[in-house]
file data.pdb (PDB, C-alpha atoms, pLDDT in the B column)
ATOM      1  CA  ALA S   1       0.000   0.000   0.000  1.00 82.00           C
ATOM      2  CA  THR S   2       2.825   2.364   0.880  1.00 81.00           C
ATOM      3  CA  SER S   3       4.517   1.712  -2.463  1.00 86.00           C
ATOM      4  CA  TYR S   4       1.307   2.480  -4.353  1.00 86.00           C
ATOM      5  CA  ILE S   5       0.787   5.658  -2.338  1.00 84.00           C
ATOM      6  CA  ASN S   6       4.368   6.670  -3.154  1.00 77.00           C
ATOM      7  CA  ILE S   7       3.638   6.146  -6.871  1.00 85.00           C
ATOM      8  CA  LEU S   8       0.593   8.413  -6.595  1.00 85.00           C
ATOM      9  CA  ASN S   9       2.603  11.056  -4.739  1.00 81.00           C
ATOM     10  CA  LYS S  10       5.608  10.964  -7.096  1.00 87.00           C
ATOM     11  CA  PHE S  11       3.565  10.753 -10.284  1.00 83.00           C
ATOM     12  CA  PRO S  12       0.315  12.674  -9.687  1.00 84.00           C
ATOM     13  CA  ASP S  13      -0.534  12.709 -13.415  1.00 85.00           C
ATOM     14  CA  ILE S  14      -0.149   8.971 -13.935  1.00 86.00           C
ATOM     15  CA  ASP S  15      -2.716   7.568 -16.404  1.00 85.00           C
ATOM     16  CA  GLU S  16      -3.574   4.583 -14.199  1.00 90.00           C
ATOM     17  CA  ARG S  17      -4.301   6.647 -11.081  1.00 89.00           C
ATOM     18  CA  GLU S  18      -7.647   4.918 -10.492  1.00 91.00           C
ATOM     19  CA  PHE S  19      -6.107   1.466 -10.768  1.00 93.00           C
ATOM     20  CA  VAL S  20      -3.200   2.334  -8.482  1.00 89.00           C
ATOM     21  CA  THR S  21      -5.652   3.733  -5.931  1.00 91.00           C
ATOM     22  CA  LEU S  22      -7.639   0.482  -6.131  1.00 94.00           C
ATOM     23  CA  MET S  23      -4.390  -1.375  -5.457  1.00 94.00           C
ATOM     24  CA  VAL S  24      -3.968   0.691  -2.280  1.00 93.00           C
ATOM     25  CA  ILE S  25      -7.351  -0.640  -1.111  1.00 95.00           C
ATOM     26  CA  LYS S  26      -6.481  -4.218  -2.094  1.00 96.00           C
ATOM     27  CA  SER S  27      -3.070  -4.014  -0.412  1.00 95.00           C
ATOM     28  CA  ASN S  28      -4.595  -2.628   2.776  1.00 95.00           C
ATOM     29  CA  TYR S  29      -7.154  -5.459   2.678  1.00 97.00           C
ATOM     30  CA  GLU S  30      -4.507  -8.177   2.310  1.00 96.00           C
ATOM     31  CA  TYR S  31      -2.390  -6.547   5.016  1.00 96.00           C
ATOM     32  CA  ALA S  32      -5.366  -6.508   7.390  1.00 96.00           C
ATOM     33  CA  LYS S  33      -6.235 -10.150   6.652  1.00 96.00           C
ATOM     34  CA  ASN S  34      -2.701 -11.250   7.470  1.00 95.00           C
ATOM     35  CA  SER S  35      -2.229  -9.095  10.555  1.00 94.00           C
ATOM     36  CA  VAL S  36      -2.093 -10.155  14.176  1.00 92.00           C
ATOM     37  CA  PHE S  37      -5.400 -10.167  16.101  1.00 86.00           C
ATOM     38  CA  ALA S  38      -4.566  -6.967  17.935  1.00 91.00           C
ATOM     39  CA  LYS S  39      -4.289  -4.968  14.693  1.00 94.00           C
ATOM     40  CA  LYS S  40      -6.840  -6.564  12.365  1.00 95.00           C
ATOM     41  CA  ALA S  41      -9.959  -4.540  13.245  1.00 92.00           C
ATOM     42  CA  GLU S  42      -8.062  -1.257  13.013  1.00 94.00           C
ATOM     43  CA  ARG S  43      -6.562  -2.258   9.673  1.00 96.00           C
ATOM     44  CA  PHE S  44      -9.923  -3.336   8.239  1.00 97.00           C
ATOM     45  CA  ASP S  45     -11.250   0.076   9.278  1.00 94.00           C
ATOM     46  CA  HIS S  46      -8.384   1.533   7.220  1.00 93.00           C
ATOM     47  CA  VAL S  47      -9.575  -0.486   4.187  1.00 96.00           C
ATOM     48  CA  ILE S  48     -13.005   1.115   4.567  1.00 97.00           C
ATOM     49  CA  LYS S  49     -11.483   4.589   4.805  1.00 95.00           C
ATOM     50  CA  SER S  50      -9.322   3.905   1.727  1.00 94.00           C
ATOM     51  CA  PHE S  51     -12.392   2.828  -0.228  1.00 97.00           C
ATOM     52  CA  ASN S  52     -14.383   5.893   0.836  1.00 96.00           C
ATOM     53  CA  ASP S  53     -11.500   8.124  -0.305  1.00 93.00           C
ATOM     54  CA  PHE S  54     -11.411   6.225  -3.607  1.00 95.00           C
ATOM     55  CA  LYS S  55     -15.172   6.564  -4.067  1.00 96.00           C
ATOM     56  CA  GLU S  56     -14.974  10.287  -3.400  1.00 95.00           C
ATOM     57  CA  LYS S  57     -12.172  10.832  -5.934  1.00 92.00           C
ATOM     58  CA  PHE S  58     -13.408   8.419  -8.607  1.00 94.00           C
ATOM     59  CA  ALA S  59     -17.193   8.260  -8.262  1.00 93.00           C
ATOM     60  CA  SER S  60     -17.678   6.799 -11.744  1.00 94.00           C
ATOM     61  CA  SER S  61     -14.621   4.537 -11.821  1.00 95.00           C
ATOM     62  CA  LYS S  62     -14.719   1.232 -13.633  1.00 95.00           C
ATOM     63  CA  TYR S  63     -13.013  -0.199 -10.516  1.00 96.00           C
ATOM     64  CA  LEU S  64     -15.712   0.989  -8.115  1.00 95.00           C
ATOM     65  CA  GLU S  65     -17.432  -2.411  -7.811  1.00 95.00           C
ATOM     66  CA  GLU S  66     -14.147  -4.200  -7.158  1.00 96.00           C
ATOM     67  CA  GLY S  67     -13.256  -1.672  -4.463  1.00 96.00           C
ATOM     68  CA  LYS S  68     -16.754  -1.982  -3.006  1.00 96.00           C
ATOM     69  CA  LYS S  69     -16.200  -5.731  -2.529  1.00 97.00           C
ATOM     70  CA  PHE S  70     -13.116  -5.087  -0.377  1.00 97.00           C
ATOM     71  CA  GLU S  71     -14.999  -2.460   1.622  1.00 96.00           C
ATOM     72  CA  HIS S  72     -18.034  -4.714   2.082  1.00 96.00           C
ATOM     73  CA  ASP S  73     -15.923  -7.622   3.347  1.00 97.00           C
ATOM     74  CA  ALA S  74     -13.898  -5.312   5.593  1.00 97.00           C
ATOM     75  CA  HIS S  75     -16.990  -4.333   7.606  1.00 97.00           C
ATOM     76  CA  TYR S  76     -17.674  -7.926   8.614  1.00 98.00           C
ATOM     77  CA  LEU S  77     -14.010  -8.827   9.051  1.00 97.00           C
ATOM     78  CA  ALA S  78     -13.415  -5.816  11.342  1.00 97.00           C
ATOM     79  CA  VAL S  79     -16.182  -7.086  13.631  1.00 97.00           C
ATOM     80  CA  LEU S  80     -14.974 -10.682  13.450  1.00 97.00           C
ATOM     81  CA  SER S  81     -11.415  -9.598  14.225  1.00 96.00           C
ATOM     82  CA  ALA S  82     -12.525  -7.606  17.262  1.00 96.00           C
ATOM     83  CA  PHE S  83     -14.396 -10.679  18.526  1.00 97.00           C
ATOM     84  CA  ASP S  84     -11.406 -12.964  17.961  1.00 96.00           C
ATOM     85  CA  LEU S  85      -9.162 -10.589  19.896  1.00 95.00           C
ATOM     86  CA  ALA S  86     -11.643 -10.402  22.775  1.00 96.00           C
ATOM     87  CA  GLU S  87     -12.086 -14.149  22.916  1.00 95.00           C
ATOM     88  CA  SER S  88      -8.342 -14.837  22.955  1.00 93.00           C
ATOM     89  CA  GLY S  89      -7.156 -11.981  25.164  1.00 92.00           C
ATOM     90  CA  PRO S  90      -5.976 -12.325  28.770  1.00 92.00           C
ATOM     91  CA  LEU S  91      -8.891 -13.038  31.112  1.00 91.00           C
ATOM     92  CA  GLU S  92      -8.453  -9.814  33.084  1.00 90.00           C
ATOM     93  CA  LEU S  93      -8.666  -7.719  29.890  1.00 93.00           C
ATOM     94  CA  ARG S  94     -11.404  -9.523  28.015  1.00 94.00           C
ATOM     95  CA  GLU S  95     -14.295  -7.402  29.246  1.00 95.00           C
ATOM     96  CA  GLY S  96     -12.637  -4.306  27.782  1.00 96.00           C
ATOM     97  CA  TYR S  97     -11.925  -6.142  24.545  1.00 96.00           C
ATOM     98  CA  PHE S  98     -15.527  -7.336  24.358  1.00 97.00           C
ATOM     99  CA  ASN S  99     -16.746  -3.768  24.872  1.00 97.00           C
ATOM    100  CA  THR S 100     -14.576  -2.765  21.908  1.00 95.00           C
ATOM    101  CA  PHE S 101     -16.105  -5.628  19.932  1.00 97.00           C
ATOM    102  CA  PHE S 102     -19.635  -4.449  20.818  1.00 98.00           C
ATOM    103  CA  ALA S 103     -18.761  -0.949  19.559  1.00 97.00           C
ATOM    104  CA  GLU S 104     -17.304  -2.381  16.335  1.00 95.00           C
ATOM    105  CA  ALA S 105     -20.396  -4.542  15.815  1.00 97.00           C
ATOM    106  CA  LYS S 106     -22.717  -1.575  16.343  1.00 97.00           C
ATOM    107  CA  ALA S 107     -20.720   0.641  13.967  1.00 96.00           C
ATOM    108  CA  HIS S 108     -20.373  -1.919  11.178  1.00 97.00           C
ATOM    109  CA  MET S 109     -23.686  -3.794  11.347  1.00 97.00           C
ATOM    110  CA  PRO S 110     -25.567  -1.275   9.136  1.00 97.00           C
ATOM    111  CA  PHE S 111     -23.061  -2.024   6.342  1.00 97.00           C
ATOM    112  CA  ILE S 112     -23.220  -5.809   6.628  1.00 97.00           C
ATOM    113  CA  THR S 113     -25.959  -6.719   4.175  1.00 95.00           C
ATOM    114  CA  GLU S 114     -25.833 -10.522   4.046  1.00 96.00           C
ATOM    115  CA  LYS S 115     -28.282 -12.151   6.448  1.00 97.00           C
ATOM    116  CA  LYS S 116     -25.881 -14.997   7.276  1.00 98.00           C
ATOM    117  CA  LEU S 117     -23.177 -12.522   8.315  1.00 97.00           C
ATOM    118  CA  GLN S 118     -25.657 -10.371  10.250  1.00 97.00           C
ATOM    119  CA  ASP S 119     -26.802 -13.479  12.123  1.00 98.00           C
ATOM    120  CA  ASP S 120     -23.189 -14.380  12.884  1.00 98.00           C
ATOM    121  CA  VAL S 121     -22.523 -10.923  14.364  1.00 98.00           C
ATOM    122  CA  THR S 122     -25.735 -11.145  16.404  1.00 97.00           C
ATOM    123  CA  GLU S 123     -24.740 -14.588  17.714  1.00 98.00           C
ATOM    124  CA  LYS S 124     -21.216 -13.426  18.546  1.00 98.00           C
ATOM    125  CA  THR S 125     -22.653 -10.438  20.414  1.00 98.00           C
ATOM    126  CA  GLU S 126     -24.770 -12.738  22.588  1.00 98.00           C
ATOM    127  CA  LYS S 127     -21.776 -15.000  23.165  1.00 98.00           C
ATOM    128  CA  GLY S 128     -19.643 -11.977  24.015  1.00 98.00           C
ATOM    129  CA  TYR S 129     -21.985 -10.888  26.802  1.00 98.00           C
ATOM    130  CA  PHE S 130     -21.955 -14.446  28.149  1.00 98.00           C
ATOM    131  CA  LEU S 131     -18.154 -14.658  27.965  1.00 98.00           C
ATOM    132  CA  ILE S 132     -17.846 -11.501  30.048  1.00 97.00           C
ATOM    133  CA  VAL S 133     -19.759 -13.271  32.810  1.00 97.00           C
ATOM    134  CA  LYS S 134     -17.643 -16.389  32.387  1.00 97.00           C
ATOM    135  CA  ASN S 135     -14.353 -14.477  32.345  1.00 96.00           C
ATOM    136  CA  ASN S 136     -15.180 -12.597  35.543  1.00 96.00           C
ATOM    137  CA  PHE S 137     -16.122 -15.880  37.177  1.00 96.00           C
ATOM    138  CA  LEU S 138     -12.918 -17.630  36.032  1.00 95.00           C
ATOM    139  CA  VAL S 139     -10.715 -14.801  37.287  1.00 95.00           C
ATOM    140  CA  GLY S 140     -12.586 -14.892  40.595  1.00 93.00           C
ATOM    141  CA  GLU S 141     -12.026 -18.621  40.842  1.00 92.00           C
ATOM    142  CA  GLU S 142      -8.279 -18.141  40.308  1.00 92.00           C
ATOM    143  CA  ARG S 143      -7.999 -15.587  43.109  1.00 91.00           C
ATOM    144  CA  LYS S 144      -7.649 -16.280  46.797  1.00 87.00           C
ATOM    145  CA  ASN S 145      -9.605 -14.944  49.754  1.00 83.00           C
ATOM    146  CA  LYS S 146     -10.389 -11.203  49.553  1.00 86.00           C
ATOM    147  CA  GLU S 147      -9.023 -10.871  46.007  1.00 91.00           C
ATOM    148  CA  LYS S 148     -11.806 -13.198  44.869  1.00 91.00           C
ATOM    149  CA  LEU S 149     -14.738 -11.080  46.043  1.00 92.00           C
ATOM    150  CA  PRO S 150     -14.567  -8.169  43.543  1.00 93.00           C
ATOM    151  CA  TRP S 151     -14.449 -10.570  40.601  1.00 94.00           C
ATOM    152  CA  LEU S 152     -17.382 -12.602  41.863  1.00 93.00           C
ATOM    153  CA  GLU S 153     -19.359  -9.413  42.476  1.00 94.00           C
ATOM    154  CA  GLU S 154     -18.572  -8.441  38.894  1.00 95.00           C
ATOM    155  CA  THR S 155     -19.777 -11.895  37.801  1.00 96.00           C
ATOM    156  CA  VAL S 156     -23.136 -11.218  39.451  1.00 96.00           C
ATOM    157  CA  LYS S 157     -23.383  -7.743  37.919  1.00 97.00           C
ATOM    158  CA  THR S 158     -22.509  -8.918  34.410  1.00 97.00           C
ATOM    159  CA  TYR S 159     -24.839 -11.902  34.798  1.00 97.00           C
ATOM    160  CA  TYR S 160     -27.782  -9.554  35.349  1.00 97.00           C
ATOM    161  CA  ASN S 161     -26.744  -7.510  32.323  1.00 97.00           C
ATOM    162  CA  PHE S 162     -26.511 -10.691  30.235  1.00 98.00           C
ATOM    163  CA  VAL S 163     -29.902 -12.024  31.399  1.00 97.00           C
ATOM    164  CA  ASP S 164     -31.570  -8.659  30.737  1.00 97.00           C
ATOM    165  CA  LYS S 165     -30.300  -8.690  27.156  1.00 97.00           C
ATOM    166  CA  TYR S 166     -30.690 -12.417  26.439  1.00 98.00           C
ATOM    167  CA  PRO S 167     -33.314 -13.994  28.723  1.00 97.00           C
ATOM    168  CA  LYS S 168     -33.669 -17.018  26.415  1.00 96.00           C
ATOM    169  CA  SER S 169     -30.002 -17.502  25.609  1.00 97.00           C
ATOM    170  CA  LYS S 170     -28.539 -20.906  24.901  1.00 97.00           C
ATOM    171  CA  TYR S 171     -25.818 -19.932  27.400  1.00 98.00           C
ATOM    172  CA  LEU S 172     -28.297 -19.207  30.196  1.00 97.00           C
ATOM    173  CA  LYS S 173     -27.885 -22.463  32.159  1.00 97.00           C
ATOM    174  CA  GLU S 174     -24.112 -22.158  32.261  1.00 97.00           C
ATOM    175  CA  ALA S 175     -24.363 -18.498  33.268  1.00 97.00           C
ATOM    176  CA  GLU S 176     -26.838 -19.399  36.046  1.00 97.00           C
ATOM    177  CA  LYS S 177     -24.405 -21.965  37.473  1.00 97.00           C
ATOM    178  CA  MET S 178     -21.652 -19.349  37.691  1.00 96.00           C
ATOM    179  CA  PHE S 179     -24.109 -16.861  39.167  1.00 96.00           C
ATOM    180  CA  ASN S 180     -25.235 -19.321  41.852  1.00 96.00           C
ATOM    181  CA  ILE S 181     -21.665 -20.186  42.849  1.00 94.00           C
ATOM    182  CA  SER S 182     -20.762 -16.484  42.951  1.00 93.00           C
ATOM    183  CA  THR S 183     -23.676 -15.563  45.192  1.00 92.00           C
ATOM    184  CA  GLU S 184     -22.973 -18.436  47.602  1.00 87.00           C
ATOM    185  CA  LEU S 185     -19.450 -17.249  48.349  1.00 71.00           C
TER     186      LEU S 185
END
call {"tool": "encode", "arguments": {"input": "data.pdb", "output": "structure tokens"}}
result
Amino acid sequence: ATSYINILNKFPDIDEREFVTLMVIKSNYEYAKNSVFAKKAERFDHVIKSFNDFKEKFASSKYLEEGKKFEHDAHYLAVLSAFDLAESGPLELREGYFNTFFAEAKAHMPFITEKKLQDDVTEKTEKGYFLIVKNNFLVGEERKNKEKLPWLEETVKTYYNFVDKYPKSKYLKEAEKMFNISTEL
């Protein structure tokens, strides 16, 4: 992407300016796909920004549909990447990562047009709220004595939040078990 941007900067009158700009989008997309979890969502957001810049400069480009495909996929992949990071992060940090995922899902969902992908984001959102409960419980279980209490209190709090949002969740029984153990201690 940097090389293509350098071409555009060094040769502003190049005949293939539209194509080179499309290659910036494609390069950013490939870079995002092959990035580490911690950087993927941010880099997919950069793909979307690159496409919007392209669309603004070349509104009637013959490459518009190809660029649109990268942008369309980037919306879903940004959300998926944020979920993957949250799910794999250190237990103590996962709630923050899941909150970032929820924000990404909310921001990108209007641009995800395929029902299957929308359903996947919706399912991952439900699972994310459950995993917050589970993560707080697991951290509490790892702690000893007084260090345990704040995490178990957080388990109870996040359980209520989860149940309010998803009263018929497939994760409800498991969440209830953690809730019951947390309230007994």
call {"tool": "closest_atom_pairs", "arguments": {"input": "data.pdb", "of": "segment 55-123 of chain S", "to": "segment 33-50 of chain S", "cutoff": "8 Å", "atoms": "all atoms listed in the file", "output": "JSON lines"}}
result
{"residue": "S:Phe70", "atom": "CA", "partner": "S:Val47", "partner_atom": "CA", "distance": 7.4}
{"residue": "S:Glu71", "atom": "CA", "partner": "S:Ile48", "partner_atom": "CA", "distance": 5.0}
{"residue": "S:Ala74", "atom": "CA", "partner": "S:Phe44", "partner_atom": "CA", "distance": 5.2}
{"residue": "S:His75", "atom": "CA", "partner": "S:Phe44", "partner_atom": "CA", "distance": 7.2}
{"residue": "S:Leu77", "atom": "CA", "partner": "S:Phe44", "partner_atom": "CA", "distance": 6.9}
{"residue": "S:Ala78", "atom": "CA", "partner": "S:Ala41", "partner_atom": "CA", "distance": 4.1}
{"residue": "S:Val79", "atom": "CA", "partner": "S:Ala41", "partner_atom": "CA", "distance": 6.7}
{"residue": "S:Leu80", "atom": "CA", "partner": "S:Ala41", "partner_atom": "CA", "distance": 7.9}
{"residue": "S:Ser81", "atom": "CA", "partner": "S:Ala41", "partner_atom": "CA", "distance": 5.4}
{"residue": "S:Ala82", "atom": "CA", "partner": "S:Ala41", "partner_atom": "CA", "distance": 5.7}
{"residue": "S:Asp84", "atom": "CA", "partner": "S:Phe37", "partner_atom": "CA", "distance": 6.9}
{"residue": "S:Leu85", "atom": "CA", "partner": "S:Phe37", "partner_atom": "CA", "distance": 5.4}
call {"tool": "write_last_selection", "arguments": {"input": "data.pdb", "atoms": "C-alpha atoms", "output": "mmCIF file, keeping the file's coordinate frame"}}
result
data_model
loop_
_atom_site.group_PDB
_atom_site.id
_atom_site.type_symbol
_atom_site.label_atom_id
_atom_site.label_comp_id
_atom_site.auth_asym_id
_atom_site.auth_seq_id
_atom_site.Cartn_x
_atom_site.Cartn_y
_atom_site.Cartn_z
ATOM 1 C CA PHE S 70 -13.116 -5.087 -0.377
ATOM 2 C CA GLU S 71 -14.999 -2.460 1.622
ATOM 3 C CA ALA S 74 -13.898 -5.312 5.593
ATOM 4 C CA HIS S 75 -16.990 -4.333 7.606
ATOM 5 C CA LEU S 77 -14.010 -8.827 9.051
ATOM 6 C CA ALA S 78 -13.415 -5.816 11.342
ATOM 7 C CA VAL S 79 -16.182 -7.086 13.631
ATOM 8 C CA LEU S 80 -14.974 -10.682 13.450
ATOM 9 C CA SER S 81 -11.415 -9.598 14.225
ATOM 10 C CA ALA S 82 -12.525 -7.606 17.262
ATOM 11 C CA ASP S 84 -11.406 -12.964 17.961
ATOM 12 C CA LEU S 85 -9.162 -10.589 19.896
#
call {"tool": "closest_residue", "arguments": {"input": "data.pdb", "among": "S:Glu174, S:Asp73, S:Glu87, S:Glu142", "to": "Asn99 of chain S", "atoms": "only C-alpha atoms"}}
result
S:Glu87
call {"tool": "closest_residue", "arguments": {"input": "data.pdb", "among": "S:Ile181, S:Ile14, S:Leu22, S:Ala32", "to": "Asn52 of chain S", "atoms": "only C-alpha atoms"}}
result
S:Leu22
call {"tool": "resolve_selection", "arguments": {"input": "data.pdb", "expression": "the PyMOL selection byres ((chain S and resi 160-165) around 10)", "output": "PyMOL selection string"}}
result
chain S and resi 126-133+154-159+166-169+171-172+175-176+179
call {"tool": "write_last_selection", "arguments": {"input": "data.pdb", "atoms": "C-alpha atoms", "output": "short mmCIF file (atom, residue, chain, number, x, y, z; two decimals), keeping the file's coordinate frame"}}
result
data_model
loop_
_atom_site.label_atom_id
_atom_site.label_comp_id
_atom_site.auth_asym_id
_atom_site.auth_seq_id
_atom_site.Cartn_x
_atom_site.Cartn_y
_atom_site.Cartn_z
CA GLU S 126 -24.77 -12.74 22.59
CA LYS S 127 -21.78 -15.00 23.16
CA GLY S 128 -19.64 -11.98 24.02
CA TYR S 129 -21.98 -10.89 26.80
CA PHE S 130 -21.96 -14.45 28.15
CA LEU S 131 -18.15 -14.66 27.96
CA ILE S 132 -17.85 -11.50 30.05
CA VAL S 133 -19.76 -13.27 32.81
CA GLU S 154 -18.57 -8.44 38.89
CA THR S 155 -19.78 -11.90 37.80
CA VAL S 156 -23.14 -11.22 39.45
CA LYS S 157 -23.38 -7.74 37.92
CA THR S 158 -22.51 -8.92 34.41
CA TYR S 159 -24.84 -11.90 34.80
CA TYR S 166 -30.69 -12.42 26.44
CA PRO S 167 -33.31 -13.99 28.72
CA LYS S 168 -33.67 -17.02 26.42
CA SER S 169 -30.00 -17.50 25.61
CA TYR S 171 -25.82 -19.93 27.40
CA LEU S 172 -28.30 -19.21 30.20
CA ALA S 175 -24.36 -18.50 33.27
CA GLU S 176 -26.84 -19.40 36.05
CA PHE S 179 -24.11 -16.86 39.17
#
call {"tool": "atom_distance", "arguments": {"input": "data.pdb", "atom1": "atom CA of Lys116 of chain S", "atom2": "atom CA of Lys69 of chain S"}}
result
16.6 Å
call {"tool": "atom_distance", "arguments": {"input": "data.pdb", "atom1": "atom CA of Tyr76 of chain S", "atom2": "atom CA of Lys124 of chain S"}}
result
11.9 Å
call {"tool": "axis_aligned_box", "arguments": {"input": "data.pdb", "around": "segment 26-44 of chain S", "padding_each_side": "8 Å", "output": "lines of an AutoDock Vina configuration file"}}
result
center_x = -6.0
center_y = -6.3
center_z = 7.9
size_x = 23.9
size_y = 26.0
size_z = 36.0
call {"tool": "atom_distance", "arguments": {"input": "data.pdb", "atom1": "atom CA of His72 of chain S", "atom2": "atom CA of Gly96 of chain S"}}
result
26.3 Å
call {"tool": "residues_around", "arguments": {"input": "data.pdb", "residues": "Thr2 of chain S", "least_positions_apart": "2", "cutoff": "10 Å", "atoms": "all atoms listed in the file", "output": "PDB file with C-alpha atoms, keeping the file's coordinate frame"}}
result
ATOM      1  CA  TYR S   4       1.307   2.480  -4.353  1.00 86.00           C
ATOM      2  CA  ILE S   5       0.787   5.658  -2.338  1.00 84.00           C
ATOM      3  CA  ASN S   6       4.368   6.670  -3.154  1.00 77.00           C
ATOM      4  CA  ILE S   7       3.638   6.146  -6.871  1.00 85.00           C
ATOM      5  CA  LEU S   8       0.593   8.413  -6.595  1.00 85.00           C
ATOM      6  CA  VAL S  24      -3.968   0.691  -2.280  1.00 93.00           C
ATOM      7  CA  SER S  27      -3.070  -4.014  -0.412  1.00 95.00           C
ATOM      8  CA  ASN S  28      -4.595  -2.628   2.776  1.00 95.00           C
TER       9      ASN S  28
END
call {"tool": "closest_residue", "arguments": {"input": "data.pdb", "among": "S:Glu92, S:Asp13, S:Glu65, S:Ala107", "to": "Lys134 of chain S", "atoms": "all atoms listed in the file"}}
result
S:Glu92
call {"tool": "closest_residue", "arguments": {"input": "data.pdb", "among": "S:Lys68, S:Met178, S:Asn135, S:Gln118", "to": "Phe98 of chain S", "atoms": "all atoms listed in the file"}}
result
S:Asn135
call {"tool": "residues_around", "arguments": {"input": "data.pdb", "residues": "Phe19 of chain S", "least_positions_apart": "2", "cutoff": "10 Å", "atoms": "all atoms listed in the file", "output": "JSON, numbers by chain"}}
result
{"S": [4, 15, 16, 17, 21, 22, 23, 24, 25, 61, 62, 63, 64]}
call {"tool": "closest_residue", "arguments": {"input": "data.pdb", "among": "S:Glu30, S:His108, S:Val139, S:Glu114", "to": "Pro90 of chain S", "atoms": "only C-alpha atoms"}}
result
S:Val139
call {"tool": "decode", "arguments": {"input": "data.pdb", "residues": "segment 37-52 of chain S", "atoms": "N, CA and C atoms", "output": "mmCIF file, in the first residue's frame"}}
result
data_model
loop_
_atom_site.group_PDB
_atom_site.id
_atom_site.type_symbol
_atom_site.label_atom_id
_atom_site.label_comp_id
_atom_site.auth_asym_id
_atom_site.auth_seq_id
_atom_site.Cartn_x
_atom_site.Cartn_y
_atom_site.Cartn_z
ATOM 1 N N PHE S 37 -4.072 -10.484 15.577
ATOM 2 C CA PHE S 37 -5.400 -10.167 16.101
ATOM 3 C C PHE S 37 -5.504 -8.724 16.592
ATOM 4 N N ALA S 38 -4.502 -8.283 17.290
ATOM 5 C CA ALA S 38 -4.566 -6.967 17.935
ATOM 6 C C ALA S 38 -4.672 -5.814 16.937
ATOM 7 N N LYS S 39 -4.295 -6.043 15.692
ATOM 8 C CA LYS S 39 -4.289 -4.968 14.693
ATOM 9 C C LYS S 39 -5.338 -5.121 13.597
ATOM 10 N N LYS S 40 -5.950 -6.293 13.502
ATOM 11 C CA LYS S 40 -6.840 -6.564 12.365
ATOM 12 C C LYS S 40 -8.011 -5.589 12.255
ATOM 13 N N ALA S 41 -8.763 -5.396 13.322
ATOM 14 C CA ALA S 41 -9.959 -4.540 13.245
ATOM 15 C C ALA S 41 -9.576 -3.133 12.793
ATOM 16 N N GLU S 42 -8.536 -2.597 13.378
ATOM 17 C CA GLU S 42 -8.062 -1.257 13.013
ATOM 18 C C GLU S 42 -7.664 -1.202 11.537
ATOM 19 N N ARG S 43 -7.026 -2.237 11.062
ATOM 20 C CA ARG S 43 -6.562 -2.258 9.673
ATOM 21 C C ARG S 43 -7.714 -2.475 8.690
ATOM 22 N N PHE S 44 -8.736 -3.228 9.103
ATOM 23 C CA PHE S 44 -9.923 -3.336 8.239
ATOM 24 C C PHE S 44 -10.660 -1.997 8.191
ATOM 25 N N ASP S 45 -10.665 -1.266 9.291
ATOM 26 C CA ASP S 45 -11.250 0.076 9.278
ATOM 27 C C ASP S 45 -10.494 0.974 8.292
ATOM 28 N N HIS S 46 -9.190 0.759 8.175
ATOM 29 C CA HIS S 46 -8.384 1.533 7.220
ATOM 30 C C HIS S 46 -8.762 1.177 5.774
ATOM 31 N N VAL S 47 -9.105 -0.072 5.516
ATOM 32 C CA VAL S 47 -9.575 -0.486 4.187
ATOM 33 C C VAL S 47 -10.842 0.299 3.836
ATOM 34 N N ILE S 48 -11.743 0.397 4.787
ATOM 35 C CA ILE S 48 -13.005 1.115 4.567
ATOM 36 C C ILE S 48 -12.738 2.587 4.275
ATOM 37 N N LYS S 49 -11.837 3.185 5.042
ATOM 38 C CA LYS S 49 -11.483 4.589 4.805
ATOM 39 C C LYS S 49 -10.844 4.759 3.421
ATOM 40 N N SER S 50 -9.964 3.841 3.048
ATOM 41 C CA SER S 50 -9.322 3.905 1.727
ATOM 42 C C SER S 50 -10.363 3.826 0.615
ATOM 43 N N PHE S 51 -11.345 2.939 0.779
ATOM 44 C CA PHE S 51 -12.392 2.828 -0.228
ATOM 45 C C PHE S 51 -13.220 4.109 -0.302
ATOM 46 N N ASN S 52 -13.583 4.664 0.845
ATOM 47 C CA ASN S 52 -14.383 5.893 0.836
ATOM 48 C C ASN S 52 -13.629 7.047 0.177
#
